[in-house]
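K.L.:
For reference, this is entry-v6.json, and it has JSON, C-alpha atoms and all ligand atoms.
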```json
[["chain", "number", "residue", "atom", "x", "y", "z"],
["A", 217, "MET", "CA", -2.41, 8.06, -55.72],
["A", 218, "ASP", "CA", -3.02, 11.22, -57.70],
["A", 219, "HIS", "CA", -2.39, 11.44, -61.43],
["A", 220, "PRO", "CA", -2.46, 14.69, -63.38],
["A", 221, "ASN", "CA", -4.71, 13.52, -66.21],
["A", 222, "TYR", "CA", -7.02, 10.88, -64.84],
["A", 223, "ASP", "CA", -8.88, 9.45, -61.87],
["A", 224, "ILE", "CA", -9.38, 5.81, -60.98],
["A", 225, "ASP", "CA", -12.82, 4.52, -59.97],
["A", 226, "GLU", "CA", -12.95, 1.23, -58.08],
["A", 227, "LEU", "CA", -14.56, -1.54, -60.12],
["A", 228, "ILE", "CA", -13.64, -4.71, -58.19],
["A", 229, "SER", "CA", -12.65, -4.51, -54.53],
["A", 230, "ALA", "CA", -9.63, -6.27, -53.01],
["A", 231, "LYS", "CA", -12.06, -8.37, -50.97],
["A", 232, "SER", "CA", -14.02, -9.53, -54.03],
["A", 233, "ILE", "CA", -10.79, -10.39, -55.80],
["A", 234, "ALA", "CA", -9.57, -12.46, -52.85],
["A", 235, "ALA", "CA", -12.87, -14.37, -52.68],
["A", 236, "ARG", "CA", -12.81, -15.07, -56.42],
["A", 237, "VAL", "CA", -9.17, -16.18, -56.36],
["A", 238, "GLU", "CA", -10.02, -18.65, -53.62],
["A", 239, "SER", "CA", -12.91, -20.16, -55.58],
["A", 240, "LEU", "CA", -10.89, -20.28, -58.81],
["A", 241, "ALA", "CA", -8.10, -22.13, -56.98],
["A", 242, "LYS", "CA", -10.61, -24.69, -55.71],
["A", 243, "GLU", "CA", -11.85, -25.35, -59.26],
["A", 244, "ILE", "CA", -8.35, -25.49, -60.69],
["A", 245, "GLY", "CA", -7.07, -27.72, -57.90],
["A", 246, "ASP", "CA", -10.01, -30.05, -58.48],
["A", 247, "TYR", "CA", -9.44, -30.16, -62.21],
["A", 248, "PHE", "CA", -5.73, -30.99, -61.87],
["A", 249, "LYS", "CA", -6.05, -33.07, -58.71],
["A", 250, "ASN", "CA", -4.57, -36.23, -60.16],
["A", 251, "SER", "CA", -1.59, -34.57, -61.73],
["A", 252, "GLU", "CA", 1.85, -35.28, -60.35],
["A", 253, "LYS", "CA", 2.90, -31.69, -60.87],
["A", 254, "LEU", "CA", 1.44, -28.54, -62.39],
["A", 255, "ILE", "CA", 3.47, -25.90, -64.19],
["A", 256, "VAL", "CA", 1.90, -22.49, -63.69],
["A", 257, "VAL", "CA", 2.97, -20.15, -66.49],
["A", 258, "GLY", "CA", 2.39, -16.45, -65.89],
["A", 259, "LEU", "CA", 2.43, -13.85, -68.63],
["A", 260, "LEU", "CA", 4.48, -10.89, -67.47],
["A", 261, "ARG", "CA", 4.01, -8.35, -66.28],
["A", 262, "GLY", "CA", 0.28, -7.96, -65.69],
["A", 263, "SER", "CA", -0.32, -11.39, -64.11],
["A", 264, "PHE", "CA", 2.32, -11.20, -61.37],
["A", 265, "VAL", "CA", 0.02, -10.20, -58.49],
["A", 266, "PHE", "CA", -2.75, -12.58, -59.56],
["A", 267, "ILE", "CA", -0.35, -15.50, -59.91],
["A", 268, "ALA", "CA", 1.20, -14.78, -56.49],
["A", 269, "ASP", "CA", -2.22, -14.99, -54.83],
["A", 270, "LEU", "CA", -3.47, -17.90, -56.94],
["A", 271, "VAL", "CA", -0.52, -20.24, -56.32],
["A", 272, "ARG", "CA", -0.76, -19.69, -52.57],
["A", 273, "GLU", "CA", -4.33, -21.04, -52.71],
["A", 274, "LEU", "CA", -3.35, -24.08, -54.78],
["A", 275, "LYS", "CA", -2.55, -26.93, -52.42],
["A", 276, "MET", "CA", -0.65, -29.19, -54.82],
["A", 277, "PRO", "CA", 2.89, -29.67, -56.14],
["A", 278, "LEU", "CA", 3.58, -26.96, -58.70],
["A", 279, "GLU", "CA", 6.29, -24.98, -60.42],
["A", 280, "VAL", "CA", 6.04, -21.34, -61.48],
["A", 281, "ASP", "CA", 7.54, -20.06, -64.71],
["A", 282, "PHE", "CA", 7.10, -16.81, -66.61],
["A", 283, "MET", "CA", 6.96, -15.60, -70.16],
["A", 284, "GLU", "CA", 6.81, -12.06, -71.51],
["A", 285, "VAL", "CA", 5.29, -11.17, -74.85],
["A", 286, "SER", "CA", 4.36, -7.93, -76.50],
["A", 287, "SER", "CA", 1.85, -7.42, -79.25],
["A", 288, "TYR", "CA", 1.87, -4.81, -81.93],
["A", 289, "GLY", "CA", -1.15, -3.70, -83.90],
["A", 290, "ASN", "CA", -0.66, -3.98, -87.64],
["A", 291, "ALA", "CA", -2.90, -1.57, -89.51],
["A", 292, "MET", "CA", -2.50, -3.57, -92.72],
["A", 293, "GLU", "CA", -3.80, -6.86, -91.34],
["A", 294, "SER", "CA", -6.51, -7.99, -89.00],
["A", 295, "SER", "CA", -4.06, -10.21, -87.12],
["A", 296, "ARG", "CA", -1.41, -8.78, -84.82],
["A", 297, "GLU", "CA", 2.21, -9.66, -84.42],
["A", 298, "VAL", "CA", 3.16, -11.10, -81.05],
["A", 299, "ARG", "CA", 6.83, -10.98, -80.09],
["A", 300, "ILE", "CA", 8.46, -13.09, -77.38],
["A", 301, "LEU", "CA", 10.48, -10.85, -75.07],
["A", 302, "LYS", "CA", 11.23, -13.55, -72.51],
["A", 303, "ASP", "CA", 10.69, -17.26, -72.96],
["A", 304, "LEU", "CA", 10.06, -19.92, -70.32],
["A", 305, "ARG", "CA", 13.10, -21.19, -68.41],
["A", 306, "GLY", "CA", 11.80, -24.75, -68.24],
["A", 307, "GLU", "CA", 10.41, -27.43, -70.54],
["A", 308, "ILE", "CA", 6.68, -28.14, -70.61],
["A", 309, "GLU", "CA", 6.68, -31.26, -72.79],
["A", 310, "GLY", "CA", 4.51, -33.95, -71.21],
["A", 311, "CYS", "CA", 3.50, -31.68, -68.34],
["A", 312, "ASN", "CA", 0.21, -30.23, -67.14],
["A", 313, "VAL", "CA", 0.28, -26.48, -67.68],
["A", 314, "LEU", "CA", -1.89, -23.68, -66.34],
["A", 315, "LEU", "CA", -1.44, -20.52, -68.39],
["A", 316, "VAL", "CA", -2.29, -17.40, -66.38],
["A", 317, "GLU", "CA", -3.11, -14.05, -67.97],
["A", 318, "ASP", "CA", -4.37, -10.76, -66.56],
["A", 319, "ILE", "CA", -6.86, -9.76, -69.26],
["A", 320, "ILE", "CA", -8.20, -11.35, -72.44],
["A", 321, "ASP", "CA", -9.08, -8.45, -74.69],
["A", 322, "THR", "CA", -9.01, -9.02, -78.47],
["A", 323, "GLY", "CA", -7.62, -12.51, -77.81],
["A", 324, "HIS", "CA", -4.62, -12.18, -80.14],
["A", 325, "THR", "CA", -1.98, -12.42, -77.41],
["A", 326, "MET", "CA", -3.47, -15.53, -75.86],
["A", 327, "GLN", "CA", -4.06, -17.18, -79.22],
["A", 328, "HIS", "CA", -0.41, -16.78, -80.18],
["A", 329, "VAL", "CA", 0.92, -17.96, -76.82],
["A", 330, "GLN", "CA", -1.42, -20.96, -76.82],
["A", 331, "THR", "CA", -0.31, -21.98, -80.32],
["A", 332, "LEU", "CA", 3.35, -21.60, -79.41],
["A", 333, "LEU", "CA", 3.12, -23.55, -76.15],
["A", 334, "GLN", "CA", 0.92, -26.28, -77.68],
["A", 335, "SER", "CA", 3.68, -26.92, -80.22],
["A", 336, "ARG", "CA", 5.95, -27.90, -77.30],
["A", 337, "GLY", "CA", 3.70, -30.86, -76.49],
["A", 338, "PRO", "CA", 2.30, -30.29, -73.00],
["A", 339, "ARG", "CA", 0.20, -33.16, -71.67],
["A", 340, "LYS", "CA", -2.65, -30.78, -70.95],
["A", 341, "MET", "CA", -2.80, -26.98, -71.04],
["A", 342, "GLU", "CA", -5.61, -24.78, -69.74],
["A", 343, "VAL", "CA", -5.97, -21.02, -69.44],
["A", 344, "CYS", "CA", -7.03, -18.96, -66.44],
["A", 345, "ALA", "CA", -7.56, -15.22, -66.93],
["A", 346, "LEU", "CA", -8.39, -12.81, -64.15],
["A", 347, "LEU", "CA", -10.44, -10.53, -66.43],
["A", 348, "ASP", "CA", -12.28, -10.96, -69.69],
["A", 349, "LYS", "CA", -13.64, -8.30, -72.01],
["A", 350, "PRO", "CA", -15.84, -10.48, -74.25],
["A", 351, "SER", "CA", -17.21, -7.53, -76.24],
["A", 352, "ARG", "CA", -13.69, -6.81, -77.56],
["A", 353, "ARG", "CA", -12.90, -10.30, -78.86],
["A", 354, "GLU", "CA", -11.49, -10.56, -82.42],
["A", 355, "VAL", "CA", -10.26, -14.16, -82.39],
["A", 356, "ASN", "CA", -11.59, -17.19, -80.61],
["A", 357, "VAL", "CA", -9.57, -18.45, -77.65],
["A", 358, "GLU", "CA", -10.35, -21.21, -75.20],
["A", 359, "VAL", "CA", -10.27, -19.93, -71.66],
["A", 360, "ARG", "CA", -11.34, -22.46, -69.04],
["A", 361, "TRP", "CA", -11.44, -20.15, -66.02],
["A", 362, "ILE", "CA", -12.29, -16.45, -65.87],
["A", 363, "GLY", "CA", -12.22, -14.38, -62.69],
["A", 364, "PHE", "CA", -14.53, -11.58, -63.79],
["A", 365, "GLU", "CA", -16.18, -10.47, -67.02],
["A", 366, "ILE", "CA", -15.88, -6.71, -67.41],
["A", 367, "PRO", "CA", -17.24, -4.16, -69.88],
["A", 368, "ASP", "CA", -15.07, -2.42, -72.46],
["A", 369, "GLU", "CA", -13.27, -0.15, -69.99],
["A", 370, "PHE", "CA", -9.58, 0.47, -69.48],
["A", 371, "VAL", "CA", -8.69, -0.99, -66.09],
["A", 372, "VAL", "CA", -5.68, -0.86, -63.77],
["A", 373, "GLY", "CA", -4.51, -2.28, -60.47],
["A", 374, "TYR", "CA", -3.78, -5.70, -58.97],
["A", 375, "GLY", "CA", -0.81, -6.04, -61.33],
["A", 376, "ILE", "CA", -2.38, -4.27, -64.31],
["A", 377, "ASP", "CA", -0.87, -1.00, -65.51],
["A", 378, "TYR", "CA", -1.55, 2.18, -67.36],
["A", 379, "ALA", "CA", 1.77, 3.45, -68.79],
["A", 380, "GLN", "CA", 3.52, 1.15, -66.28],
["A", 381, "LEU", "CA", 1.86, 2.79, -63.28],
["A", 382, "ASN", "CA", -0.88, 1.59, -60.91],
["A", 383, "ARG", "CA", 0.21, -2.08, -60.76],
["A", 384, "ASN", "CA", 0.46, -1.72, -56.97],
["A", 385, "LEU", "CA", -3.19, -0.81, -56.39],
["A", 386, "PRO", "CA", -4.80, -3.58, -54.29],
["A", 387, "TYR", "CA", -8.11, -3.32, -56.18],
["A", 388, "ILE", "CA", -9.12, -3.12, -59.85],
["A", 389, "GLY", "CA", -10.30, 0.27, -61.03],
["A", 390, "LYS", "CA", -11.27, 1.90, -64.26],
["A", 391, "VAL", "CA", -9.41, 4.86, -65.63],
["A", 392, "ARG", "CA", -11.48, 8.02, -66.07],
["A", 393, "PRO", "CA", -9.73, 10.79, -68.00],
["A", 394, "ARG", "CA", -10.07, 14.21, -66.38],
["A", 395, "ARG", "CA", -11.47, 17.03, -68.44],
["A", 401, "LIG", "P1", -5.23, -8.91, -76.42],
["A", 401, "LIG", "O1", -4.13, -9.50, -77.24],
["A", 401, "LIG", "O2", -5.96, -7.83, -77.15],
["A", 401, "LIG", "O3", -6.18, -9.93, -75.85],
["A", 401, "LIG", "O4", -4.53, -8.12, -75.26],
["A", 401, "LIG", "C1", -4.38, -8.56, -74.00],
["A", 401, "LIG", "C2", -3.39, -7.67, -73.30],
["A", 401, "LIG", "O5", -3.68, -6.27, -73.47],
["A", 401, "LIG", "C3", -3.45, -7.91, -71.81],
["A", 401, "LIG", "O6", -2.50, -8.87, -71.42],
["A", 401, "LIG", "C4", -3.10, -6.56, -71.24],
["A", 401, "LIG", "O7", -1.71, -6.47, -71.09],
["A", 401, "LIG", "C5", -3.51, -5.57, -72.28],
["A", 401, "LIG", "N1", -4.77, -4.94, -71.87],
["A", 401, "LIG", "C6", -5.99, -5.16, -72.39],
["A", 401, "LIG", "N2", -6.93, -4.44, -71.77],
["A", 401, "LIG", "C7", -6.29, -3.73, -70.82],
["A", 401, "LIG", "C8", -6.74, -2.79, -69.80],
["A", 401, "LIG", "O8", -7.92, -2.47, -69.65],
["A", 401, "LIG", "N3", -5.76, -2.31, -68.99],
["A", 401, "LIG", "C9", -4.45, -2.64, -69.10],
["A", 401, "LIG", "N4", -4.01, -3.51, -70.02],
["A", 401, "LIG", "C10", -4.91, -4.06, -70.87],
["A", 402, "MG", "MG", -0.49, -8.38, -70.87]]
```
I need this file expressed as structure tokens, please.

P.N.:
Amino acid sequence: MDHPNYDIDELISAKSIAARVESLAKEIGDYFKNSEKLIVVGLLRGSFVFIADLVRELKMPLEVDFMEVSSYGNAMESSREVRILKDLRGEIEGCNVLLVEDIIDTGHTMQHVQTLLQSRGPRKMEVCALLDKPSRREVNVEVRWIGFEIPDEFVVGYGIDYAQLNRNLPYIGKVRPRR
């Protein structure tokens, strides 16, 4: 794909992603092995490819639900406002929940979603993020499983967008502005 203003350099290959998804699923399946049912909650839209691959590697009874949030920077405060654009369809009270996110960056989005979903009384809730940018963290969030730690680069592909494009790339690449 050619874009007028930038190039995309491959950072994580489709093959490496597939191998990591398989090992993550083993760990997650092991962790939740005694649960009657797992509810896998994906944060739209960036997690949709990851979640599709992950659930097909999880050999256990599970449901899939989605939530969409958007966060806005607030120049006046260090915290950011997180707005719910689409809530879950189902209840999570008393259930085991796996929250799946594409990238943990500052941590604000995940912190808000975790607080909100915890208030609904899940039995147990753990987070799995495909990518983590630890050097960007502003608030502390508990993430049990991370696919890959990456440096402070803007990435796209495998569900992740830049201005809504590039979600369909099979690999993860970093955006390099053309000059
Ligand atoms: P946080 O609230 O700062 O942790 O933001 C996390 C969200 O920002 C992720 O769910 C992504 O949607 C978005 N994001 C962070 N880094 C990137 C990136 O490199 N590419 C695309 N989206 C990103
Ligand atoms: Mg997101």

K.L.:
Which polymer residues have any atom within 12 Å of an atom of Pro393 of chain A, counting all atoms listed in the file, with same-chain residues fewer than 5 positions away left out, as a PyMOL selection string?

P.N.:
chain A and resi 219-225+369-371+378

K.L.:
May I ask which of the residues A:Phe364, A:Phe248, A:Tyr288, A:Tyr387 is the closest one to ligand MG 402 (chain A), counting only C-alpha atoms and all ligand atoms?

P.N.:
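Smallest distance to ligand MG 402 (chain A) is found for A:Tyr288.
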
K.L.:
Could you give me, as a VMD selection string, the residues within 10 Å of segment 259-275 of chain A, counting all atoms listed in the file and dropping anything in the same chain fewer than 2 positions from it?

P.N.:
chain A and resid 233 to 234 236 to 246 249 256 to 257 277 to 286 301 to 304 315 to 319 325 to 326 329 344 to 346 372 to 377 380 383 to 384 386

K.L.:
I need the residues from that last selection saved to file as a tab-separated table (two decimals), keeping the file's coordinate frame (with C-alpha atoms), if you can.

P.N.:
```
chain	number	residue	atom	x	y	z
A	233	ILE	CA	-10.79	-10.39	-55.80
A	234	ALA	CA	-9.57	-12.46	-52.85
A	236	ARG	CA	-12.81	-15.07	-56.42
A	237	VAL	CA	-9.17	-16.18	-56.36
A	238	GLU	CA	-10.02	-18.65	-53.62
A	239	SER	CA	-12.91	-20.16	-55.58
A	240	LEU	CA	-10.89	-20.28	-58.81
A	241	ALA	CA	-8.10	-22.13	-56.98
A	242	LYS	CA	-10.61	-24.69	-55.71
A	243	GLU	CA	-11.85	-25.35	-59.26
A	244	ILE	CA	-8.35	-25.49	-60.69
A	245	GLY	CA	-7.07	-27.72	-57.90
A	246	ASP	CA	-10.01	-30.05	-58.48
A	249	LYS	CA	-6.05	-33.07	-58.71
A	256	VAL	CA	1.90	-22.49	-63.69
A	257	VAL	CA	2.97	-20.15	-66.49
A	277	PRO	CA	2.89	-29.67	-56.14
A	278	LEU	CA	3.58	-26.96	-58.70
A	279	GLU	CA	6.29	-24.98	-60.42
A	280	VAL	CA	6.04	-21.34	-61.48
A	281	ASP	CA	7.54	-20.06	-64.71
A	282	PHE	CA	7.10	-16.81	-66.61
A	283	MET	CA	6.96	-15.60	-70.16
A	284	GLU	CA	6.81	-12.06	-71.51
A	285	VAL	CA	5.29	-11.17	-74.85
A	286	SER	CA	4.36	-7.93	-76.50
A	301	LEU	CA	10.48	-10.85	-75.07
A	302	LYS	CA	11.23	-13.55	-72.51
A	303	ASP	CA	10.69	-17.26	-72.96
A	304	LEU	CA	10.06	-19.92	-70.32
A	315	LEU	CA	-1.44	-20.52	-68.39
A	316	VAL	CA	-2.29	-17.40	-66.38
A	317	GLU	CA	-3.11	-14.05	-67.97
A	318	ASP	CA	-4.37	-10.76	-66.56
A	319	ILE	CA	-6.86	-9.76	-69.26
A	325	THR	CA	-1.98	-12.42	-77.41
A	326	MET	CA	-3.47	-15.53	-75.86
A	329	VAL	CA	0.92	-17.96	-76.82
A	344	CYS	CA	-7.03	-18.96	-66.44
A	345	ALA	CA	-7.56	-15.22	-66.93
A	346	LEU	CA	-8.39	-12.81	-64.15
A	372	VAL	CA	-5.68	-0.86	-63.77
A	373	GLY	CA	-4.51	-2.28	-60.47
A	374	TYR	CA	-3.78	-5.70	-58.97
A	375	GLY	CA	-0.81	-6.04	-61.33
A	376	ILE	CA	-2.38	-4.27	-64.31
A	377	ASP	CA	-0.87	-1.00	-65.51
A	380	GLN	CA	3.52	1.15	-66.28
A	383	ARG	CA	0.21	-2.08	-60.76
A	384	ASN	CA	0.46	-1.72	-56.97
A	386	PRO	CA	-4.80	-3.58	-54.29
```

K.L.:
For Arg339 of chain A, list every protein, DNA or RNA residue within 9 Å, evaluated using only C-alpha atoms, and leave out those in the same chain fewer than 4 positions away; present the list as a PyMOL selection string.

P.N.:
chain A and resi 308-313

K.L.:
Pick the closest to ligand MG 402 (chain A) from A:Val298, A:Ile255, A:Leu314, A:Ile362: which is it, counting all atoms listed in the file?

P.N.:
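Ranking A:Val298, A:Ile255, A:Leu314, A:Ile362 by distance to ligand MG 402 (chain A), first place goes to A:Val298.
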
K.L.:
Any idea what the distance is between atom CA of Asp348 of chain A and atom CA of Ala379 of chain A?

P.N.:
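About the pair atom CA of Asp348 of chain A and atom CA of Ala379 of chain A: they are 20.1 Å apart.
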
K.L.:
Quick one, how far is atom CA of Val391 of chain A from atom CA of Lys231 of chain A?

P.N.:
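The value is 19.9 Å.
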
K.L.:
Check the smallest atom-to-atom distance from each of A:Asn250, A:Ser229, A:Thr331, A:Ser287 to ligand MG 402 (chain A) using all atoms listed in the file, then report the winner.

P.N.:
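For ligand MG 402 (chain A), the nearest of the given residues is A:Ser287.
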
K.L.:
Report the distance between atom O6 of ligand LIG 401 (chain A) and atom CA of Ser251 of chain A in Å, rounded to one decimal place.

P.N.:
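Atom O6 of ligand LIG 401 (chain A) sits 27.5 Å away from atom CA of Ser251 of chain A.
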
K.L.:
Between A:Glu354, A:Asp321, A:Glu365, A:Glu342, which residue has the minimum interatomic distance to ligand MG 402 (chain A), considering all atoms listed in the file?

P.N.:
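Closest candidate: A:Asp321.
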
K.L.:
Around all of segment 359-365 of chain A's listed atoms, make the axis-aligned box with 5 Å on each side and tell me centre and edge lengths in Å to one decimal, as JSON.

P.N.:
```
{"center_x": -13.2, "center_y": -16.5, "center_z": -67.2, "size_x": 15.9, "size_y": 22.0, "size_z": 19.0}
```

K.L.:
Looking at all atoms listed in the file, which of A:Trp361, A:Thr322, A:Lys253, A:Gln327 is the one that sits closest to Lys349 of chain A?

P.N.:
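Smallest separation from Lys349 of chain A among the options: A:Thr322.
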
K.L.:
Between A:Arg360, A:Arg296, A:Arg392, A:His328, which has the minimum distance to Val343 of chain A (counting only C-alpha atoms)?

P.N.:
A:Arg360
